[in-house]
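Okay, structure_37.cif now, which holds mmCIF, C-alpha atoms:
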data_start
loop_
_atom_site.label_atom_id
_atom_site.label_comp_id
_atom_site.auth_asym_id
_atom_site.auth_seq_id
_atom_site.Cartn_x
_atom_site.Cartn_y
_atom_site.Cartn_z
CA MET F 30 0.00 0.00 0.00
CA LYS F 31 1.14 3.53 -0.75
CA ARG F 32 2.86 5.29 2.15
CA ARG F 33 2.85 9.06 2.06
CA ARG F 34 5.66 10.80 3.92
CA LEU F 35 3.53 11.76 6.89
CA LEU F 36 6.37 11.87 9.37
CA ALA F 37 9.60 13.82 8.78
CA LEU F 38 12.45 12.57 10.95
CA CYS F 39 14.22 15.26 12.92
CA GLY F 40 16.65 15.81 15.78
CA SER F 41 20.09 14.48 16.53
CA LEU F 42 18.62 11.81 18.80
CA LEU F 43 18.09 9.74 15.65
CA ALA F 44 21.86 9.33 15.38
CA THR F 45 22.08 7.55 18.75
CA ALA F 46 23.96 4.29 18.32
CA GLY F 47 24.41 1.13 20.33
CA CYS F 48 22.06 -1.45 21.78
CA VAL F 49 21.09 -1.41 25.45
CA SER F 50 20.09 -4.81 26.82
CA THR F 51 17.07 -4.71 29.12
CA PRO F 52 14.58 -7.28 30.40
CA ALA F 53 11.10 -7.57 28.92
CA GLU F 54 8.77 -4.92 30.28
CA PRO F 55 5.65 -5.41 32.37
CA ARG F 56 2.44 -5.05 30.36
CA ASP F 57 1.36 -1.76 31.98
CA GLU F 58 2.42 0.99 29.57
CA THR F 59 0.42 3.88 30.98
CA GLY F 60 2.32 7.00 31.88
CA THR F 61 1.57 8.63 35.21
CA GLU F 62 -0.28 11.93 35.15
CA THR F 63 1.96 14.84 36.13
CA PRO F 64 0.13 18.19 36.31
CA VAL F 65 2.43 21.19 35.93
CA PRO F 66 1.41 24.75 36.89
CA PRO F 67 1.76 27.47 34.23
CA PRO F 68 4.70 29.90 34.46
CA ASP F 69 4.16 33.13 36.38
CA SER F 70 5.25 35.52 33.62
CA PRO F 71 3.28 35.88 30.35
CA THR F 72 6.39 36.13 28.15
CA ASP F 73 10.07 35.27 28.11
CA GLU F 74 11.71 38.56 29.07
CA GLY F 75 13.30 40.30 26.11
CA THR F 76 12.09 37.83 23.47
CA GLY F 77 8.35 38.27 23.37
CA THR F 78 7.91 34.48 23.29
CA ARG F 79 4.61 33.47 24.79
CA THR F 80 4.82 31.40 28.00
CA ASP F 81 1.35 31.87 29.50
CA PHE F 82 0.44 28.25 28.89
CA GLY F 83 -2.09 26.16 30.73
CA THR F 84 -1.50 23.16 32.95
CA VAL F 85 0.03 20.24 31.05
CA SER F 86 -0.41 16.62 32.12
CA VAL F 87 0.66 13.35 30.51
CA GLU F 88 -2.29 10.96 30.24
CA SER F 89 -0.61 7.98 28.56
CA ALA F 90 2.44 6.91 26.57
CA THR F 91 3.20 3.98 24.27
CA VAL F 92 6.25 2.73 22.37
CA GLN F 93 5.42 1.24 18.98
CA GLN F 94 6.92 0.45 15.57
CA GLY F 95 4.55 2.65 13.55
CA VAL F 96 1.54 4.92 13.73
CA VAL F 97 -1.76 4.64 11.86
CA GLY F 98 -3.01 7.61 9.88
CA PRO F 99 -5.04 8.46 6.77
CA ASP F 100 -3.41 7.07 3.62
CA SER F 101 -5.99 8.53 1.24
CA PRO F 102 -9.42 10.16 1.65
CA ASP F 103 -10.95 6.72 2.29
CA SER F 104 -8.20 4.41 3.62
CA ILE F 105 -5.67 4.17 6.45
CA GLY F 106 -2.06 2.98 6.56
CA VAL F 107 0.87 2.34 8.90
CA TYR F 108 3.63 4.97 8.79
CA ASP F 109 6.97 3.56 9.90
CA GLU F 110 9.83 5.75 8.67
CA ALA F 111 11.46 5.70 12.12
CA GLU F 112 12.59 2.48 13.81
CA GLN F 113 10.24 3.13 16.72
CA TYR F 114 7.96 5.87 18.02
CA LEU F 115 7.07 7.23 21.43
CA VAL F 116 3.43 8.40 21.30
CA VAL F 117 2.54 10.62 24.25
CA ILE F 118 -1.04 11.75 24.88
CA VAL F 119 -1.11 15.04 26.79
CA ALA F 120 -3.96 17.11 28.18
CA VAL F 121 -3.72 20.88 28.49
CA ASP F 122 -6.02 22.88 30.77
CA GLY F 123 -5.74 26.36 29.27
CA PRO F 124 -3.71 27.74 26.35
CA ALA F 125 -1.71 24.91 24.75
CA PRO F 126 2.04 25.24 24.07
CA GLU F 127 2.98 24.95 20.41
CA PRO F 128 4.05 21.35 19.66
CA GLU F 129 7.61 22.48 18.92
CA ARG F 130 7.87 23.64 22.55
CA PHE F 131 7.91 19.96 23.58
CA ALA F 132 11.26 18.14 23.39
CA LEU F 133 12.19 14.56 24.20
CA LYS F 134 15.72 14.57 25.60
CA ALA F 135 18.22 11.76 26.20
CA ASP F 136 21.96 12.04 26.91
CA GLY F 137 22.02 15.67 25.79
CA ASP F 138 20.27 15.04 22.46
CA ALA F 139 16.73 16.20 21.75
CA VAL F 140 13.95 15.50 19.27
CA ASN F 141 10.73 17.46 18.72
CA PRO F 142 7.41 15.83 17.85
CA ASP F 143 6.66 15.25 14.18
CA THR F 144 4.24 17.46 12.34
CA LEU F 145 1.28 15.21 11.55
CA VAL F 146 0.24 16.39 8.11
CA ASP F 147 -2.87 14.21 8.05
CA GLY F 148 -3.05 13.41 11.76
CA LEU F 149 -3.63 9.99 13.30
CA TYR F 150 -6.50 7.54 12.93
CA ARG F 151 -7.96 6.48 16.29
CA ASP F 152 -11.18 4.56 16.97
CA GLY F 153 -12.87 5.70 13.78
CA GLN F 154 -11.72 9.31 14.14
CA TRP F 155 -9.76 10.86 11.26
CA ALA F 156 -7.04 13.50 11.51
CA VAL F 157 -6.49 13.26 15.28
CA ARG F 158 -3.88 15.91 16.13
CA TYR F 159 -2.39 17.83 19.01
CA GLY F 160 -4.13 21.17 19.52
CA GLN F 161 -6.08 23.17 22.08
CA GLY F 162 -6.85 20.80 24.93
CA GLY F 163 -3.84 18.61 24.07
CA GLY F 164 -3.69 15.41 22.04
CA PRO F 165 -1.01 13.07 20.67
CA LEU F 166 2.67 13.99 20.39
CA VAL F 167 4.60 11.57 18.13
CA PHE F 168 8.38 11.32 18.58
CA PRO F 169 10.39 9.39 15.92
CA LEU F 170 13.28 7.47 17.48
CA PRO F 171 16.11 5.05 16.63
CA ALA F 172 15.89 1.37 17.51
CA THR F 173 17.43 1.96 20.97
CA VAL F 174 17.42 5.00 23.24
CA PRO F 175 19.46 5.48 26.47
CA ALA F 176 16.47 4.94 28.72
CA GLU F 177 17.68 6.22 32.08
CA SER F 178 18.13 9.75 30.81
CA VAL F 179 14.89 10.07 28.79
CA ARG F 180 12.79 13.06 29.76
CA LEU F 181 9.99 15.01 28.05
CA GLU F 182 10.26 18.77 28.62
CA TRP F 183 8.03 21.75 27.83
CA PRO F 184 7.83 25.35 29.10
CA GLY F 185 7.41 25.16 32.85
CA GLY F 186 7.36 21.39 33.23
CA SER F 187 8.72 17.93 32.43
CA TRP F 188 7.83 14.24 32.59
CA SER F 189 9.95 11.13 33.03
CA PRO F 190 8.61 7.90 31.45
CA PRO F 191 7.74 5.08 33.87
CA GLU F 192 9.93 1.98 33.97
CA PRO F 193 7.96 -0.06 31.37
CA ILE F 194 8.33 2.72 28.78
CA ARG F 195 12.05 3.11 29.50
CA HIS F 196 12.57 -0.64 29.03
CA ARG F 197 10.79 -0.54 25.69
CA LEU F 198 12.84 2.45 24.48
CA ALA F 199 16.14 0.82 25.42
CA ALA F 200 15.44 -2.63 23.96
CA ARG F 201 15.52 -3.12 20.19
CA PRO F 202 11.91 -3.67 18.98
CA PRO F 203 10.94 -7.32 18.46
CA GLY F 204 9.77 -8.84 15.19
CA PHE F 205 6.17 -9.85 14.58
CA ALA F 206 4.74 -12.56 12.31
CA VAL F 207 1.46 -11.38 10.81
CA SER F 208 -1.14 -13.36 8.84
CA MET F 209 -4.76 -13.01 7.73
CA ASP F 210 -7.22 -15.72 6.75
CA GLY F 211 -10.72 -15.95 5.29
CA PRO F 212 -12.80 -17.92 2.79
CA SER F 213 -11.96 -17.49 -0.89
CA GLN F 214 -15.48 -18.49 -2.01
CA VAL F 215 -18.72 -17.40 -0.35
CA GLU F 216 -22.23 -18.80 -0.80
CA PRO F 217 -25.29 -16.53 -0.58
CA ASP F 218 -26.28 -17.88 2.87
CA ASP F 219 -22.74 -17.91 4.33
CA ASP F 220 -21.70 -15.75 7.29
CA PRO F 221 -18.06 -15.05 6.29
CA LYS F 222 -15.33 -14.15 8.79
CA VAL F 223 -11.83 -12.75 8.40
CA SER F 224 -9.17 -13.41 11.07
CA VAL F 225 -5.89 -11.61 11.79
CA VAL F 226 -3.15 -13.38 13.78
CA VAL F 227 -0.04 -11.68 15.18
CA THR F 228 2.84 -13.46 16.96
CA ASN F 229 5.80 -11.87 18.74
CA VAL F 230 8.81 -13.73 17.30
CA GLY F 231 11.35 -11.56 19.14
CA GLU F 232 13.04 -11.82 22.54
CA VAL F 233 11.37 -8.88 24.31
CA ALA F 234 7.80 -7.65 24.72
CA GLY F 235 6.60 -5.15 22.14
CA ARG F 236 3.60 -3.38 20.66
CA PHE F 237 2.34 -4.25 17.17
CA VAL F 238 0.41 -1.76 15.02
CA LEU F 239 -1.64 -2.70 11.93
CA ALA F 240 -4.15 -1.00 9.64
CA LEU F 241 -7.00 -2.98 8.04
CA ASN F 242 -9.01 -1.72 5.06
CA ARG F 243 -11.70 -3.22 2.83
CA SER F 244 -12.24 -2.76 -0.91
CA GLY F 245 -15.67 -3.67 -2.33
CA PRO F 246 -18.26 -4.93 -2.76
CA ARG F 247 -20.01 -1.54 -2.77
CA VAL F 248 -17.14 0.84 -1.95
CA ALA F 249 -13.70 1.53 -3.44
CA TYR F 250 -12.07 1.64 0.01
CA THR F 251 -13.11 1.94 3.64
CA PRO F 252 -11.19 1.53 6.94
CA VAL F 253 -12.05 -1.53 9.01
CA ALA F 254 -9.85 -1.10 12.09
CA ARG F 255 -6.61 0.04 13.62
CA LEU F 256 -5.18 -3.01 15.39
CA THR F 257 -2.65 -2.72 18.20
CA GLY F 258 -1.58 -4.54 21.34
CA VAL F 259 1.38 -5.61 23.46
CA LEU F 260 2.69 -9.18 23.17
CA ASP F 261 5.29 -11.02 25.23
CA PRO F 262 7.93 -13.11 23.40
CA GLY F 263 6.24 -16.08 21.75
CA GLU F 264 2.74 -14.79 22.54
CA SER F 265 0.06 -14.65 19.82
CA TRP F 266 -3.02 -12.46 19.37
CA GLN F 267 -6.02 -13.10 17.16
CA ARG F 268 -9.03 -11.02 16.18
CA THR F 269 -11.92 -12.22 14.01
CA PHE F 270 -14.12 -9.84 12.05
CA ASP F 271 -17.55 -10.28 10.53
CA ALA F 272 -16.72 -9.94 6.83
CA GLU F 273 -18.85 -8.18 4.24
CA SER F 274 -20.61 -10.70 2.02
CA PRO F 275 -20.18 -10.29 -1.74
CA TYR F 276 -23.95 -10.69 -1.97
CA VAL F 277 -24.75 -7.32 -0.38
CA ALA F 278 -24.18 -5.97 -3.91
CA ASP F 279 -26.43 -6.70 -6.88
CA PRO F 280 -24.91 -8.35 -8.80
CA PRO F 281 -22.51 -9.87 -6.22
CA ARG F 282 -18.96 -8.49 -6.21
CA ARG F 283 -15.74 -9.38 -4.42
CA ALA F 284 -14.86 -8.08 -0.96
CA THR F 285 -11.09 -7.67 -0.48
CA TYR F 286 -9.49 -7.12 2.94
CA LEU F 287 -6.06 -5.43 2.92
CA LEU F 288 -3.80 -5.54 5.98
CA ASP F 289 -1.00 -2.97 6.20
CA ALA F 290 1.90 -3.78 8.55
CA PRO F 291 5.19 -1.99 9.30
CA GLY F 292 7.59 -2.66 6.46
CA ASP F 293 6.43 -4.13 3.17
CA ARG F 294 6.97 -7.88 3.52
CA GLN F 295 3.98 -8.68 5.75
CA ASP F 296 1.28 -6.70 3.99
CA THR F 297 -1.39 -9.22 3.02
CA THR F 298 -4.84 -9.46 1.43
CA VAL F 299 -7.81 -11.82 1.58
CA THR F 300 -10.44 -11.75 -1.19
CA LEU F 301 -13.94 -13.15 -0.70
CA SER F 302 -15.50 -13.97 -4.05
CA PRO F 303 -19.09 -14.98 -4.83
CA THR F 304 -19.46 -18.61 -5.84
CA ASP F 305 -20.66 -17.56 -9.27
CA ALA F 306 -17.58 -15.58 -10.34
CA SER F 307 -19.26 -14.65 -13.63
CA THR F 308 -21.32 -12.05 -11.75
CA GLU F 309 -18.16 -10.14 -10.88
CA SER F 310 -17.79 -6.68 -12.40
CA ALA F 311 -14.07 -5.87 -12.24
CA SER F 312 -14.60 -2.17 -12.91
CA GLU F 313 -16.59 -1.79 -9.69
CA THR F 314 -14.46 -3.69 -7.18
CA GLY F 315 -12.07 -0.84 -6.38
CA THR F 316 -8.39 -0.48 -7.17
CA MET F 317 -5.47 -0.83 -4.78
CA VAL F 318 -3.65 2.42 -3.98
CA GLU F 319 -0.06 2.08 -5.19
#
Please express the file's structure as structure tokens.
Amino acid sequence: MKRRRLLALCGSLLATAGCVSTPAEPRDETGTETPVPPPDSPTDEGTGTRTDFGTVSVESATVQQGVVGPDSPDSIGVYDEAEQYLVVIVAVDGPAPEPERFALKADGDAVNPDTLVDGLYRDGQWAVRYGQGGGPLVFPLPATVPAESVRLEWPGGSWSPPEPIRHRLAARPPGFAVSMDGPSQVEPDDDPKVSVVVTNVGEVAGRFVLALNRSGPRVAYTPVARLTGVLDPGESWQRTFDAESPYVADPPRRATYLLDAPGDRQDTTVTLSPTDASTESASETGTMVE
């Protein structure tokens, strides 16, 4: 699937080298909430830079190998130009600092959050961005980060990730085996299902991120789900979806499910065809976005 350059890598932190060995993390990834009072003065003296920001608190944080965002007006995709991402959800009570006022620091290096051109896709919501009231801050990172020194800073406050997040940042992300299965032929009275299976084939716990779309039988493209979860080494996860029957269209037409995973090698599709393939109209099944 086509991947637009949604995320522009920035900051010298991306040049960090070396692998830090850490144990697998506990499964709790939630960051602790840390309210920070606004500064007393409305501006930085002599610069005119605004500092009268509201109270900032960190609601949650996750480490993952990609982020899901709009890939076209009617489909979603996984963006994975960095080796891993720290996604921090912040809440702001009052005027929100500009996103560039946030910096993730480690061993003297710093990286600012990426500008989300099209935003994120979350729970059916398109173009989810940081703004007034807060929102997601997405930090592109190398495969390993010196965890003990990691700290998120903004005007008047800071936040240190909890131990599970630091472990994830320091350990090279694990690999995942991804597959999808469903019937190739569907009868008019069938109740078709499509299943996605993910297995952690690495040596540490990690979070997988996938984007599932459908093409046909009555639409060119439509999102089905953003799939994500944390798996321990060797652990598998499965989710089964009620699939769209080819027979909801008249005449019946194929329904194709397209799974987008980080990298290109594990993208996969499942096509559900009506038993009578002669009813298929190829011009109306939708075309994959290249």
Open item on the list: Evaluated on this file, the PyMOL selection byres ((chain F and resi 265-272) around 9) picks out some residues - which ones are they, written as a PyMOL selection string?
Closed with: chain F and resi 211+220-229+256+258+260-264+273-274+284+286+301
Task: Among the residues F:Pro190, F:Gly137, F:Pro102, F:Gly185, the one that comes closest to Val117 of chain F [using all atoms listed in the file] - done: F:Pro190
- [ ] Compare F:Arg247, F:Gly186, F:Ile194, F:Gly164 by their minimum atom-to-atom distance to Arg151 of chain F, counting all atoms listed in the file, and give me the closest one.
- [x]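 For Arg151 of chain F, the nearest of the given residues is F:Gly164.
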Open item on the list: Taking all atoms listed in the file into account, name the residue in F:Ala249, F:Val96, F:Val116, F:Val121 that is nearest to Arg282 of chain F.
Closed with: F:Ala249
Task: Atom pair atom CA of Asp147 of chain F / atom CA of Pro99 of chain F: separation (Å) - done: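 Computing it gives 6.3 Å between the two atoms.
Straight-line separation from atom CA of Ile118 of chain F to atom CA of Arg243 of chain F: 28.7 Å.
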TODO: Name the closest residue to Pro275 of chain F among the candidates F:Ala172, F:Ala200, F:Val248, F:Val259; distances are taken between atoms, counting all atoms listed in the file.
DONE: F:Val248
Task: Straight-line distance linking atom CA of Val233 of chain F with atom CA of Glu177 of chain F, stated in Å to one decimal - done: 18.1 Å
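If only C-alpha atoms are the atoms counted, then among F:Ser104, F:Ala90, F:Ser208, F:Pro165 the closest residue to Ser244 of chain F is F:Ser104.
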TODO: Could you list the residues chosen by the PyMOL selection byres ((chain F and resi 92) around 7) in this structure as number ranges by chain?
DONE: F: 91, 93, 113-116, 194, 197-198, 236
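Closest to Asp122 of chain F among F:Val87, F:Val277, F:Leu145, F:Ala206 is F:Val87, based on only C-alpha atoms.
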Filled-in N, CA, C and O atoms of segment 156-175 of chain F, supplied as a CSV table (one decimal), in the coordinates of the input:
chain,number,residue,atom,x,y,z
F,156,ALA,N,-7.8,12.3,11.3
F,156,ALA,CA,-7.0,13.5,11.5
F,156,ALA,C,-7.0,13.9,13.0
F,156,ALA,O,-7.2,15.1,13.3
F,157,VAL,N,-6.7,13.0,13.9
F,157,VAL,CA,-6.5,13.3,15.3
F,157,VAL,C,-5.1,13.9,15.5
F,157,VAL,O,-4.1,13.3,15.1
F,158,ARG,N,-5.1,15.1,16.0
F,158,ARG,CA,-3.9,15.9,16.1
F,158,ARG,C,-3.8,16.6,17.5
F,158,ARG,O,-4.8,16.7,18.2
F,159,TYR,N,-2.6,17.0,17.8
F,159,TYR,CA,-2.4,17.8,19.0
F,159,TYR,C,-2.9,19.2,18.7
F,159,TYR,O,-2.7,19.8,17.6
F,160,GLY,N,-3.6,19.8,19.7
F,160,GLY,CA,-4.1,21.2,19.5
F,160,GLY,C,-4.6,21.7,20.9
F,160,GLY,O,-4.1,21.3,21.9
F,161,GLN,N,-5.5,22.6,20.8
F,161,GLN,CA,-6.1,23.2,22.1
F,161,GLN,C,-6.7,22.0,22.9
F,161,GLN,O,-7.5,21.2,22.3
F,162,GLY,N,-6.4,21.9,24.1
F,162,GLY,CA,-6.8,20.8,24.9
F,162,GLY,C,-5.9,19.6,25.0
F,162,GLY,O,-6.0,18.7,25.8
F,163,GLY,N,-4.8,19.7,24.1
F,163,GLY,CA,-3.8,18.6,24.1
F,163,GLY,C,-4.0,17.7,22.9
F,163,GLY,O,-4.5,18.0,21.8
F,164,GLY,N,-3.6,16.4,23.1
F,164,GLY,CA,-3.7,15.4,22.0
F,164,GLY,C,-2.4,14.6,21.9
F,164,GLY,O,-1.5,14.7,22.8
F,165,PRO,N,-2.2,13.9,20.8
F,165,PRO,CA,-1.0,13.1,20.7
F,165,PRO,C,0.2,13.9,20.2
F,165,PRO,O,0.2,14.7,19.4
F,166,LEU,N,1.4,13.5,20.8
F,166,LEU,CA,2.7,14.0,20.4
F,166,LEU,C,3.5,12.8,20.0
F,166,LEU,O,3.6,11.8,20.7
F,167,VAL,N,3.9,12.7,18.7
F,167,VAL,CA,4.6,11.6,18.1
F,167,VAL,C,6.1,11.9,17.9
F,167,VAL,O,6.5,12.7,17.2
F,168,PHE,N,6.9,11.1,18.6
F,168,PHE,CA,8.4,11.3,18.6
F,168,PHE,C,9.0,10.2,17.8
F,168,PHE,O,9.0,9.0,18.3
F,169,PRO,N,9.7,10.4,16.7
F,169,PRO,CA,10.4,9.4,15.9
F,169,PRO,C,11.7,9.1,16.6
F,169,PRO,O,12.5,10.0,16.9
F,170,LEU,N,12.1,7.8,16.7
F,170,LEU,CA,13.3,7.5,17.5
F,170,LEU,C,14.1,6.4,16.8
F,170,LEU,O,13.5,5.6,16.0
F,171,PRO,N,15.3,6.2,17.1
F,171,PRO,CA,16.1,5.0,16.6
F,171,PRO,C,15.7,3.8,17.3
F,171,PRO,O,14.8,3.8,18.2
F,172,ALA,N,16.3,2.7,17.0
F,172,ALA,CA,15.9,1.4,17.5
F,172,ALA,C,16.1,1.3,19.0
F,172,ALA,O,15.4,0.5,19.7
F,173,THR,N,17.2,2.0,19.5
F,173,THR,CA,17.4,2.0,21.0
F,173,THR,C,17.7,3.4,21.4
F,173,THR,O,18.3,4.2,20.7
F,174,VAL,N,17.3,3.7,22.6
F,174,VAL,CA,17.4,5.0,23.2
F,174,VAL,C,17.9,4.8,24.7
F,174,VAL,O,17.4,3.9,25.4
F,175,PRO,N,19.0,5.6,25.1
F,175,PRO,CA,19.5,5.5,26.5
F,175,PRO,C,18.4,5.8,27.5
F,175,PRO,O,18.0,7.0,27.7
